[in-house]
Amino acid sequence: MTGNELRERFLSFFAGKGHTIVPSSSLVPANDPTLLFTNAGMVQFKDVFLGLDRRPFKRATTAQKCVRAGGKHNDLDTVGRTARHHTFFEMLGNFSFGDYFKGEAIAYAWEFLTRVLELPPERLWITVYQDDDEAYRLWQEVAGVPAERIVRMGEKDNFWAMGDTGPCGPCSEIIYDRGPEHACRSNPCALGACDCDRWLEIWNLVFMQYERDAGGNLTPLPRPSIDTGMGLERVASVLQGVDSNFDTDLLQPLIKAMEGLSGRAYDRGEAGFPFRVIADHARACTFLIADGVLPGNEGRSYVLRRILRRAARFGKALGVEEPFLYRLVATVVNIMGQAYPEVAEQQDYIARVMRQEEERFHETLNDGMRVLSGILERAGREGRQTITGQEAFTLYDTYGFPLDLTEEIAGEQGFKVDRAGFEDAMAAQRERARAAREDVKAYEFALAFAGNLDDIGGTEFTGYGRLEDTGKVLVLVREGERVPSLAGGETGYAVLDRTPCYPEGGGQVGDQGSLAWPGGAARVQDTRRLPDGKIVHQVTVTAGNLTAGQEVKVMVDRERRLATARNHTATHLLHRALKNVLGEHANQAGSLVTPERLRFDFTHFAPLTEEELRAIEKEVNQKVLANLPVTTLETSLQEARAMGATALFGEKYGERVRVVKIDAYSLELCGGTHLRSTSEVGLFRLTGESSIGAGVRRVEAVTGTAALDLVSQESQELATVAGLLKVPPFQVAGRVQQLLDKGKEMEREITRLRNQLAGYTVRELLGHVREVDGVPVLQARVDIADAEALRELADKVRDKLGSGVVVLGSQHDGRVNFVAMVSKDLVKRGVHAGNLLREVARIAAGGGGGRADMAQAGGKDPSKLDQALAYSLKVVAQQVR
RNA sequence: GGGCGUGUAGCUCAGUUGGGAGAGCGCUAGAAUCGCACUCUAGAGGCCAGGGGUUCGAAUCCCCUCACGUCCA
């Protein structure tokens with residue numbers, strides 16, 4: 001059975017048992033800063049298990065793409081060494097949200113494995129949590145597993161928890177015995193006693209039945225749930241009768257492709273390690289990029305970079321010097337493109353990103369190579385045999401140069417690397433980062449409501465059609481506690497059963513407005529949405545008391561809402577215009593819509609040129625002038641996709657989606673509030689373009705009155721400049737160019753005149769030369785403000801003098817400047833311009849210094865200038881030998 | 001989020017206790033050639049990333065910001 005068939009059979013089996021097939025969610029978890037990547041099937045249902053959200057179904061099944069790299073579950077270094085570890089893999093799962101429990105979960109799993117996959121029952125072993133007698137009994141009763149093949153295990157292996165607090169419970173694993181021929185040499189080689197390839201965990205059933213509080217106490221959940229996970233690649237290896245996941249049809253084509261690229265044959269043992277790493281990493285990189293992750297230096301981006309570079313290194317180990325990883329994207333698409341259309345659709349883009357990163361990595365290696373040569377050279381000079389741990393660490397830490405490569409190259413030249421020192425430096429680095437780490441608080445806002453969900457109804461949003469409505473206060477929360485009422489002056493959160501206030505979402509900020517009820521009023525400062533869709537208003541009571549159950553009139557701030565809608569509709573126009581001007585690869589990567597402005601991040605490889613920016617702005621404004629109707633419709637996600645609507649990765653869409661349509665021009669899934677016609681935008685002006693990281697650009701823009709204000713400010717500025725230049729506004733550029741040219745010409749003229757003047761001055765000064773112990777010394781006060789001109793003058797005088805000492809001083813703006821020059825022959829006789837000038841300047845309340853042949857100084861007391869200059873004669877007399 | 005490093009001419013980079021902003025390549029012009037390449041000569045091109053501070057004086061030292069690289073989380 002192929003991997004694709006297995007996935008298919010699993011989903012349809014559970015669909016047949018009343019489960020809704022839910023598509024895999026993005027590898028980037030939506031709204032969950034605690035998690036780097038989606039690493040299990042339950043991630044997209046986390047809110048449901050936490051009681052923060054509900055779904056229209058109670059049973060679900062998924063094939064979920066997962067990445068384990070970085071964070072708590074980090075398999076990066078193990079990949080390729082074992083037959084089973086991956087950075088990217090697929091998890092098959094079935095879920096019950098307070099519906100069926102242990103008995104059915106066990107029955108379904110058993111039926112699927114023994115009937116559908118036809119695995120021999122005598123090969124299957126079971127582990128249960130030590131105290132879970134119920135599961136122990138059910139496995140025998142429901143599945144007929146003999147007691148001797150059911151093993152009780154401890155908390156470490158068979159108790160599952162989402163976090164330190166929250167839902168948790170015992171779990172039960174199904175183990176496939178691959179037969180005595182795979183036994184290890186441990187005695188005994190048995191389940192729970194050894195950890196070898198004979199015993200293959202294929203399915204984990206989690207029985208979520210408790211809630212753990214901060215004190216560690218377990219309370220039974222009223223409606224226990226089921227969460228299961230089965231590794232697709234593992235089961236495929238069993239079904240296909242191969243020893244390793246890498247030999248299944250899910251990974252083997254990648255190894256084959258790599259054989260072709262490297263011209264080397266794959267070896268199933270030790271020597272095949274690089275092939276396995278590359279096959280795994282190619283999948284991980286392809287899928288991560290498809291989900292919008294780009295290589296970079298922090299967080300998810302950094303993990304992607306590490307995976308990609310690790311693969312690139314192993315390519316070198318196979319003798320492939322050129323970028324190659326991007327060529328494997330096509331193979332990944334071949335294997336999995338059917339099940340995951342997002343990789344097929346973005347194939348070219350993914351390959352391009354990967355290639356760019358591979359090239360960047362080559363540059364990094366070249367830079368590191370240069371630094372390493374310097375280190376080796378110095379070590380050789382110092383007669384050392386080893387590269388210190390610190391040196392190796394700097395190479396790694398600052399220049400990203402891999403340690404093994406340092407060792408290899410150093411080794412070729414007879415040097416060793418102090419590995420222990422390297423590890424020490426690394427440990428110190430880790431400690432620093434850990435010490436600075438703060439815990440990320442997820443759900444802080446939402447958790448205040450967690451206990452209050454069950455007994456209150458949902459919120460109906462009526463703000464698409466109206467800006468005023470009446471609603472009933474369902475619940476009030478203040479400082480994290482549910483309260484019966486809010487008094488005047490108090491600020492808290494209110495959930496209503498109906499509201500026209502738009503909650504923050506899809507990049508659009510939440511509405512502001514006001515509440516009114518007989519004898520009272522409140523300001524709405526912000527509106528947000530809870531994970532289950534309830535709408536929360538942040539309110540400050542300005543008069544009277546707001547009590548739960550009160551009917552209130554809700555009014556949205558009209559001006560603010562309209563300004564926001566202008567920017568939102570303009571954002572859709574902008575998105576389409578970007579694609580038309582730059583290409584279809586320009587996908588939304590982030591968006592912010594406020595009443596004041598809009599900000600739009602999108603994937604693109606280069607800074608936008610002036611022409612591109614102008615073209616985009618022009619296209620948007622043309623669509624504004626065209627007065628295109630903006631309409632919305634509700635449909636299913638599939639239907640919307642079929643219509644060609646732009647959907648964003650990482651967004652959670654329900655069954656019914658809202659589509660915003662701008663005539664035949666733009667079609668996007670969007671829950672935001674929009675104008676009725678594009679002409680209401682008024683005017684669209686781009687205000688900025690910048691980089692947001694490798695491969696992502698950001699543009700900012702304004703519309704409506706803000707755009708008009710901008711235009712008015714610009715023309716005012718232009719008028720002012722034109723007025724200053726005394727030319728009509730459209731001749732400003734020509735006039736400025738003229739002035740610049742003239743300025744340059746004048747500068748040249750000044751230089752010429754200064755030289756000429758200096759010539760005269762030099763001749764005049766030469767008449768004032770005096771002899772001190774046979775040394776010609778010239779000290780003079782001149783009228784040159786500029787320090788550079790002063791230096792040039794002294795230069796000329798010294799040249800004319802041939803041998804001698806020149807000390808010049810001048811006064812400017814209540815300060816004095818000195819310069820001293822000493823000819824080379826006199827430097828040899830002990831005259832030092834720097835020391836000389838330091839003493840001279842001190843008299844004029846200043847300081848200075850410089851080289852023996854040239855020095856500069858300054859002072860703050862112009863009245864002492866002549867005195868100071870005269871003193872230079874004495875100093876020369878002291879210095880000369 | 002915390003380190004380390006880098007930012008100087010169109011490009012690649014030097015710049016040494018703080019004291020004249022440089023090299024190579026590229027560009028322009030001239031010489032030489034029937035012409036091109038090579039060669040020679042001359043020249044243009046720099047708010048030394050940006051802002052603040054210390055100092056008589058900052059590319060250089062200190063602080064902040066930004067961009068890029070890199071490691072750790």
# chains A, B, ... in the order shown; residues from 1 in each chain; ligands from 1

call {"tool": "residues_around", "arguments": {"residues": "Leu869 (chain A)", "least_positions_apart": "4", "cutoff": "9 Å", "atoms": "only C-alpha atoms (C1' of nucleotides)", "output": "PDB file with all heavy atoms, in the first residue's frame"}}
result
ATOM      1  N   GLN A 779      56.804  81.508  13.259  1.00  0.00           N
ATOM      2  CA  GLN A 779      55.554  81.499  14.002  1.00  0.00           C
ATOM      3  C   GLN A 779      54.787  82.734  13.603  1.00  0.00           C
ATOM      4  O   GLN A 779      55.340  83.817  13.563  1.00  0.00           O
ATOM      5  CB  GLN A 779      55.803  81.402  15.508  1.00  0.00           C
ATOM      6  CG  GLN A 779      56.705  82.458  16.103  1.00  0.00           C
ATOM      7  CD  GLN A 779      55.952  83.678  16.586  1.00  0.00           C
ATOM      8  OE1 GLN A 779      54.729  83.724  16.552  1.00  0.00           O
ATOM      9  NE2 GLN A 779      56.681  84.695  17.008  1.00  0.00           N
ATOM     10  N   ALA A 780      53.541  82.545  13.248  1.00  0.00           N
ATOM     11  CA  ALA A 780      52.784  83.701  12.784  1.00  0.00           C
ATOM     12  C   ALA A 780      51.294  83.529  13.025  1.00  0.00           C
ATOM     13  O   ALA A 780      50.776  82.422  13.096  1.00  0.00           O
ATOM     14  CB  ALA A 780      53.036  83.902  11.287  1.00  0.00           C
ATOM     15  N   ARG A 781      50.651  84.647  13.141  1.00  0.00           N
ATOM     16  CA  ARG A 781      49.201  84.670  13.273  1.00  0.00           C
ATOM     17  C   ARG A 781      48.635  84.973  11.896  1.00  0.00           C
ATOM     18  O   ARG A 781      49.081  85.903  11.251  1.00  0.00           O
ATOM     19  CB  ARG A 781      48.842  85.790  14.255  1.00  0.00           C
ATOM     20  CG  ARG A 781      47.384  86.012  14.400  1.00  0.00           C
ATOM     21  CD  ARG A 781      47.178  87.139  15.397  1.00  0.00           C
ATOM     22  NE  ARG A 781      45.765  87.261  15.679  1.00  0.00           N
ATOM     23  CZ  ARG A 781      45.292  87.590  16.851  1.00  0.00           C
ATOM     24  NH1 ARG A 781      46.108  87.847  17.845  1.00  0.00           N
ATOM     25  NH2 ARG A 781      44.000  87.675  17.045  1.00  0.00           N
ATOM     26  N   VAL A 807      54.842  77.230  12.804  1.00  0.00           N
ATOM     27  CA  VAL A 807      53.723  77.214  13.750  1.00  0.00           C
ATOM     28  C   VAL A 807      52.786  78.346  13.376  1.00  0.00           C
ATOM     29  O   VAL A 807      53.185  79.508  13.382  1.00  0.00           O
ATOM     30  CB  VAL A 807      54.202  77.402  15.209  1.00  0.00           C
ATOM     31  CG1 VAL A 807      53.006  77.330  16.154  1.00  0.00           C
ATOM     32  CG2 VAL A 807      55.246  76.373  15.574  1.00  0.00           C
ATOM     33  N   LEU A 808      51.553  77.992  12.997  1.00  0.00           N
ATOM     34  CA  LEU A 808      50.583  79.017  12.625  1.00  0.00           C
ATOM     35  C   LEU A 808      49.402  78.986  13.579  1.00  0.00           C
ATOM     36  O   LEU A 808      49.019  77.924  14.072  1.00  0.00           O
ATOM     37  CB  LEU A 808      50.088  78.803  11.190  1.00  0.00           C
ATOM     38  CG  LEU A 808      51.143  78.846  10.083  1.00  0.00           C
ATOM     39  CD1 LEU A 808      50.497  78.580   8.730  1.00  0.00           C
ATOM     40  CD2 LEU A 808      51.880  80.172  10.088  1.00  0.00           C
ATOM     41  N   GLY A 809      48.848  80.175  13.831  1.00  0.00           N
ATOM     42  CA  GLY A 809      47.668  80.235  14.698  1.00  0.00           C
ATOM     43  C   GLY A 809      46.642  81.168  14.100  1.00  0.00           C
ATOM     44  O   GLY A 809      46.990  82.086  13.356  1.00  0.00           O
ATOM     45  N   PHE A 818      45.488  75.985  15.946  1.00  0.00           N
ATOM     46  CA  PHE A 818      46.935  75.960  15.694  1.00  0.00           C
ATOM     47  C   PHE A 818      47.261  74.826  14.748  1.00  0.00           C
ATOM     48  O   PHE A 818      46.577  73.799  14.717  1.00  0.00           O
ATOM     49  CB  PHE A 818      47.712  75.676  16.985  1.00  0.00           C
ATOM     50  CG  PHE A 818      47.590  76.754  18.015  1.00  0.00           C
ATOM     51  CD1 PHE A 818      46.744  76.601  19.108  1.00  0.00           C
ATOM     52  CD2 PHE A 818      48.346  77.924  17.897  1.00  0.00           C
ATOM     53  CE1 PHE A 818      46.653  77.588  20.060  1.00  0.00           C
ATOM     54  CE2 PHE A 818      48.245  78.910  18.867  1.00  0.00           C
ATOM     55  CZ  PHE A 818      47.397  78.748  19.948  1.00  0.00           C
ATOM     56  N   VAL A 840      52.163  74.733  23.543  1.00  0.00           N
ATOM     57  CA  VAL A 840      51.757  76.040  23.028  1.00  0.00           C
ATOM     58  C   VAL A 840      50.267  76.265  23.250  1.00  0.00           C
ATOM     59  O   VAL A 840      49.845  77.311  23.737  1.00  0.00           O
ATOM     60  CB  VAL A 840      52.100  76.134  21.519  1.00  0.00           C
ATOM     61  CG1 VAL A 840      51.458  77.381  20.913  1.00  0.00           C
ATOM     62  CG2 VAL A 840      53.606  76.165  21.337  1.00  0.00           C
ATOM     63  N   ALA A 841      49.483  75.237  22.934  1.00  0.00           N
ATOM     64  CA  ALA A 841      48.029  75.383  23.008  1.00  0.00           C
ATOM     65  C   ALA A 841      47.567  75.557  24.451  1.00  0.00           C
ATOM     66  O   ALA A 841      46.545  76.190  24.713  1.00  0.00           O
ATOM     67  CB  ALA A 841      47.345  74.170  22.380  1.00  0.00           C
ATOM     68  N   LYS A 864      45.096  85.075  24.233  1.00  0.00           N
ATOM     69  CA  LYS A 864      46.448  84.575  24.512  1.00  0.00           C
ATOM     70  C   LYS A 864      47.146  84.067  23.264  1.00  0.00           C
ATOM     71  O   LYS A 864      48.181  83.423  23.336  1.00  0.00           O
ATOM     72  CB  LYS A 864      46.358  83.430  25.541  1.00  0.00           C
ATOM     73  CG  LYS A 864      45.768  83.833  26.885  1.00  0.00           C
ATOM     74  CD  LYS A 864      46.850  84.400  27.765  1.00  0.00           C
ATOM     75  CE  LYS A 864      46.296  84.850  29.111  1.00  0.00           C
ATOM     76  NZ  LYS A 864      45.591  83.813  29.852  1.00  0.00           N
ATOM     77  N   LEU A 865      46.515  84.295  22.104  1.00  0.00           N
ATOM     78  CA  LEU A 865      47.042  83.697  20.875  1.00  0.00           C
ATOM     79  C   LEU A 865      48.486  84.108  20.594  1.00  0.00           C
ATOM     80  O   LEU A 865      49.355  83.273  20.381  1.00  0.00           O
ATOM     81  CB  LEU A 865      46.128  84.087  19.695  1.00  0.00           C
ATOM     82  CG  LEU A 865      46.552  83.611  18.308  1.00  0.00           C
ATOM     83  CD1 LEU A 865      46.756  82.108  18.286  1.00  0.00           C
ATOM     84  CD2 LEU A 865      45.518  84.007  17.263  1.00  0.00           C
ATOM     85  N   LEU A 873      58.824  79.538  20.182  1.00  0.00           N
ATOM     86  CA  LEU A 873      60.266  79.699  19.974  1.00  0.00           C
ATOM     87  C   LEU A 873      61.035  79.052  21.116  1.00  0.00           C
ATOM     88  O   LEU A 873      62.025  78.368  20.916  1.00  0.00           O
ATOM     89  CB  LEU A 873      60.604  81.188  19.870  1.00  0.00           C
ATOM     90  CG  LEU A 873      60.010  81.919  18.660  1.00  0.00           C
ATOM     91  CD1 LEU A 873      60.292  83.418  18.751  1.00  0.00           C
ATOM     92  CD2 LEU A 873      60.568  81.347  17.361  1.00  0.00           C
TER      93      LEU A 873
END

call {"tool": "residues_around", "arguments": {"residues": "G3 (chain B)", "least_positions_apart": "3", "cutoff": "10 Å", "atoms": "only C-alpha atoms (C1' of nucleotides)", "output": "tab-separated table (two decimals) with N, CA and C atoms (P, O5', C5', C4', C3', O3' and C1' of nucleotides), in the first residue's frame"}}
result
chain	number	residue	atom	x	y	z
A	397	ASP	N	30.10	31.16	15.86
A	397	ASP	CA	29.10	32.06	16.43
A	397	ASP	C	28.90	33.31	15.59
A	398	THR	N	30.01	33.91	15.18
A	398	THR	CA	29.93	35.19	14.49
A	398	THR	C	29.83	35.02	12.98
A	429	GLN	N	27.26	30.66	26.09
A	429	GLN	CA	26.33	31.35	25.18
A	429	GLN	C	24.89	30.94	25.47
A	430	ARG	N	24.71	29.65	25.67
A	430	ARG	CA	23.37	29.11	25.97
A	430	ARG	C	22.84	29.71	27.27
A	432	ARG	N	23.67	32.50	28.70
A	432	ARG	CA	23.32	33.91	28.52
A	432	ARG	C	21.92	34.05	27.96
A	433	ALA	N	21.64	33.26	26.92
A	433	ALA	CA	20.34	33.37	26.25
A	433	ALA	C	19.22	32.94	27.19
B	71	C	P	24.28	30.40	11.95
B	71	C	O5'	24.45	30.40	13.53
B	71	C	C5'	25.61	29.83	14.11
B	71	C	C4'	25.70	30.21	15.56
B	71	C	C3'	24.56	29.76	16.46
B	71	C	O3'	24.68	28.40	16.83
B	71	C	C1'	25.08	32.00	16.95
B	72	C	P	23.36	27.58	17.21
B	72	C	O5'	22.87	28.24	18.58
B	72	C	C5'	23.57	28.00	19.78
B	72	C	C4'	22.99	28.81	20.91
B	72	C	C3'	21.52	28.56	21.25
B	72	C	O3'	21.35	27.39	22.02
B	72	C	C1'	21.93	30.88	21.22

call {"tool": "closest_residue", "arguments": {"among": "A:Cys196, A:Asn204, A:Thr594, A:Arg152", "to": "Met91 (chain A)", "atoms": "only C-alpha atoms"}}
result
A:Asn204

call {"tool": "interface_residues", "arguments": {"of": "chain B", "to": "chain A", "cutoff": "10 Å", "atoms": "only C-alpha atoms (C1' of nucleotides)", "output": "ChimeraX atom specification"}}
result
/B:1-5,18-20,55-57,67-73

call {"tool": "residues_around", "arguments": {"residues": "Ala83 (chain A)", "least_positions_apart": "3", "cutoff": "12 Å", "atoms": "only C-alpha atoms (C1' of nucleotides)", "output": "number ranges by chain"}}
result
A: 78-80, 86, 196-198, 200, 233-234, 237, 242-248, 251, 268-270, 272-273, 276-277, 280

call {"tool": "select_by_dssp", "arguments": {"residues": "region 356-514 of chain A", "states": "strand (DSSP E)", "output": "VMD selection string"}}
result
chain A and resid 386 to 387 416 to 417 460 to 461 468 to 478 481 to 483 485 to 486 491 to 496 498 to 499 513 to 514

call {"tool": "residues_around", "arguments": {"residues": "Asn94 (chain A)", "least_positions_apart": "6", "cutoff": "6 Å", "atoms": "only C-alpha atoms (C1' of nucleotides)", "output": "compact mmCIF listing (two decimals) with C-alpha atoms, in the first residue's frame"}}
result
# COMPACT_ATOMS: atom_id res chain seq x y z
CA ALA A 60 -12.73 14.99 13.50
CA THR A 61 -9.96 13.26 11.61
CA THR A 228 -4.70 10.23 18.76

call {"tool": "select_by_dssp", "arguments": {"residues": "region 251-374 of chain A", "states": "alpha helix (DSSP H)", "output": "PyMOL selection string"}}
result
chain A and resi 252-262+273-290+299-317+329-336+341-345+347-374

call {"tool": "decode", "arguments": {"residues": "region 468-478 of chain A", "atoms": "all heavy atoms", "output": "PDB file, in the first residue's frame"}}
result
ATOM      1  N   GLU A 468     -25.335  50.873  14.403  1.00  0.00           N
ATOM      2  CA  GLU A 468     -25.996  50.993  15.704  1.00  0.00           C
ATOM      3  C   GLU A 468     -26.855  49.767  15.925  1.00  0.00           C
ATOM      4  O   GLU A 468     -27.469  49.263  15.003  1.00  0.00           O
ATOM      5  CB  GLU A 468     -26.908  52.229  15.725  1.00  0.00           C
ATOM      6  CG  GLU A 468     -26.179  53.508  16.049  1.00  0.00           C
ATOM      7  CD  GLU A 468     -27.165  54.645  16.254  1.00  0.00           C
ATOM      8  OE1 GLU A 468     -28.300  54.389  16.720  1.00  0.00           O
ATOM      9  OE2 GLU A 468     -26.788  55.774  15.937  1.00  0.00           O
ATOM     10  N   ASP A 469     -26.904  49.309  17.166  1.00  0.00           N
ATOM     11  CA  ASP A 469     -27.736  48.149  17.450  1.00  0.00           C
ATOM     12  C   ASP A 469     -27.975  48.097  18.956  1.00  0.00           C
ATOM     13  O   ASP A 469     -27.366  48.867  19.708  1.00  0.00           O
ATOM     14  CB  ASP A 469     -27.030  46.864  16.986  1.00  0.00           C
ATOM     15  CG  ASP A 469     -28.038  45.779  16.637  1.00  0.00           C
ATOM     16  OD1 ASP A 469     -29.215  45.896  17.051  1.00  0.00           O
ATOM     17  OD2 ASP A 469     -27.650  44.811  15.961  1.00  0.00           O
ATOM     18  N   THR A 470     -28.859  47.215  19.365  1.00  0.00           N
ATOM     19  CA  THR A 470     -28.999  47.016  20.802  1.00  0.00           C
ATOM     20  C   THR A 470     -28.573  45.602  21.140  1.00  0.00           C
ATOM     21  O   THR A 470     -28.769  44.667  20.354  1.00  0.00           O
ATOM     22  CB  THR A 470     -30.459  47.206  21.263  1.00  0.00           C
ATOM     23  OG1 THR A 470     -31.281  46.388  20.441  1.00  0.00           O
ATOM     24  CG2 THR A 470     -30.872  48.650  21.166  1.00  0.00           C
ATOM     25  N   GLY A 471     -27.957  45.455  22.299  1.00  0.00           N
ATOM     26  CA  GLY A 471     -27.488  44.134  22.705  1.00  0.00           C
ATOM     27  C   GLY A 471     -27.625  43.990  24.209  1.00  0.00           C
ATOM     28  O   GLY A 471     -27.841  44.969  24.921  1.00  0.00           O
ATOM     29  N   LYS A 472     -27.533  42.741  24.653  1.00  0.00           N
ATOM     30  CA  LYS A 472     -27.639  42.486  26.084  1.00  0.00           C
ATOM     31  C   LYS A 472     -26.264  42.111  26.625  1.00  0.00           C
ATOM     32  O   LYS A 472     -25.524  41.347  25.984  1.00  0.00           O
ATOM     33  CB  LYS A 472     -28.625  41.341  26.333  1.00  0.00           C
ATOM     34  CG  LYS A 472     -29.104  41.293  27.777  1.00  0.00           C
ATOM     35  CD  LYS A 472     -30.267  40.352  27.930  1.00  0.00           C
ATOM     36  CE  LYS A 472     -29.761  38.937  28.106  1.00  0.00           C
ATOM     37  NZ  LYS A 472     -30.827  37.970  28.350  1.00  0.00           N
ATOM     38  N   VAL A 473     -25.918  42.636  27.785  1.00  0.00           N
ATOM     39  CA  VAL A 473     -24.629  42.316  28.403  1.00  0.00           C
ATOM     40  C   VAL A 473     -24.700  40.894  28.943  1.00  0.00           C
ATOM     41  O   VAL A 473     -25.526  40.578  29.800  1.00  0.00           O
ATOM     42  CB  VAL A 473     -24.302  43.297  29.552  1.00  0.00           C
ATOM     43  CG1 VAL A 473     -22.994  42.880  30.221  1.00  0.00           C
ATOM     44  CG2 VAL A 473     -24.199  44.716  29.017  1.00  0.00           C
ATOM     45  N   LEU A 474     -23.852  40.009  28.420  1.00  0.00           N
ATOM     46  CA  LEU A 474     -23.866  38.616  28.865  1.00  0.00           C
ATOM     47  C   LEU A 474     -22.948  38.403  30.053  1.00  0.00           C
ATOM     48  O   LEU A 474     -23.268  37.691  30.989  1.00  0.00           O
ATOM     49  CB  LEU A 474     -23.423  37.698  27.720  1.00  0.00           C
ATOM     50  CG  LEU A 474     -24.335  37.685  26.489  1.00  0.00           C
ATOM     51  CD1 LEU A 474     -23.728  36.845  25.392  1.00  0.00           C
ATOM     52  CD2 LEU A 474     -25.715  37.171  26.861  1.00  0.00           C
ATOM     53  N   VAL A 475     -21.785  39.035  30.001  1.00  0.00           N
ATOM     54  CA  VAL A 475     -20.833  38.839  31.082  1.00  0.00           C
ATOM     55  C   VAL A 475     -19.895  40.033  31.156  1.00  0.00           C
ATOM     56  O   VAL A 475     -19.594  40.663  30.148  1.00  0.00           O
ATOM     57  CB  VAL A 475     -20.051  37.511  30.898  1.00  0.00           C
ATOM     58  CG1 VAL A 475     -19.197  37.550  29.654  1.00  0.00           C
ATOM     59  CG2 VAL A 475     -19.191  37.201  32.116  1.00  0.00           C
ATOM     60  N   LEU A 476     -19.486  40.359  32.387  1.00  0.00           N
ATOM     61  CA  LEU A 476     -18.545  41.451  32.602  1.00  0.00           C
ATOM     62  C   LEU A 476     -17.319  40.893  33.310  1.00  0.00           C
ATOM     63  O   LEU A 476     -17.446  40.071  34.228  1.00  0.00           O
ATOM     64  CB  LEU A 476     -19.185  42.544  33.474  1.00  0.00           C
ATOM     65  CG  LEU A 476     -20.318  43.345  32.823  1.00  0.00           C
ATOM     66  CD1 LEU A 476     -21.077  44.149  33.879  1.00  0.00           C
ATOM     67  CD2 LEU A 476     -19.761  44.274  31.753  1.00  0.00           C
ATOM     68  N   VAL A 477     -16.153  41.353  32.901  1.00  0.00           N
ATOM     69  CA  VAL A 477     -14.921  40.879  33.523  1.00  0.00           C
ATOM     70  C   VAL A 477     -14.078  42.089  33.876  1.00  0.00           C
ATOM     71  O   VAL A 477     -13.988  43.045  33.103  1.00  0.00           O
ATOM     72  CB  VAL A 477     -14.134  39.945  32.572  1.00  0.00           C
ATOM     73  CG1 VAL A 477     -12.735  39.686  33.115  1.00  0.00           C
ATOM     74  CG2 VAL A 477     -14.878  38.627  32.395  1.00  0.00           C
ATOM     75  N   ARG A 478     -13.530  42.057  35.087  1.00  0.00           N
ATOM     76  CA  ARG A 478     -12.654  43.154  35.500  1.00  0.00           C
ATOM     77  C   ARG A 478     -11.446  42.548  36.195  1.00  0.00           C
ATOM     78  O   ARG A 478     -11.605  41.726  37.106  1.00  0.00           O
ATOM     79  CB  ARG A 478     -13.429  44.085  36.446  1.00  0.00           C
ATOM     80  CG  ARG A 478     -12.617  45.286  36.847  1.00  0.00           C
ATOM     81  CD  ARG A 478     -13.519  46.372  37.436  1.00  0.00           C
ATOM     82  NE  ARG A 478     -12.680  47.410  37.969  1.00  0.00           N
ATOM     83  CZ  ARG A 478     -12.355  47.505  39.268  1.00  0.00           C
ATOM     84  NH1 ARG A 478     -12.829  46.642  40.140  1.00  0.00           N
ATOM     85  NH2 ARG A 478     -11.551  48.469  39.669  1.00  0.00           N
TER      86      ARG A 478
END
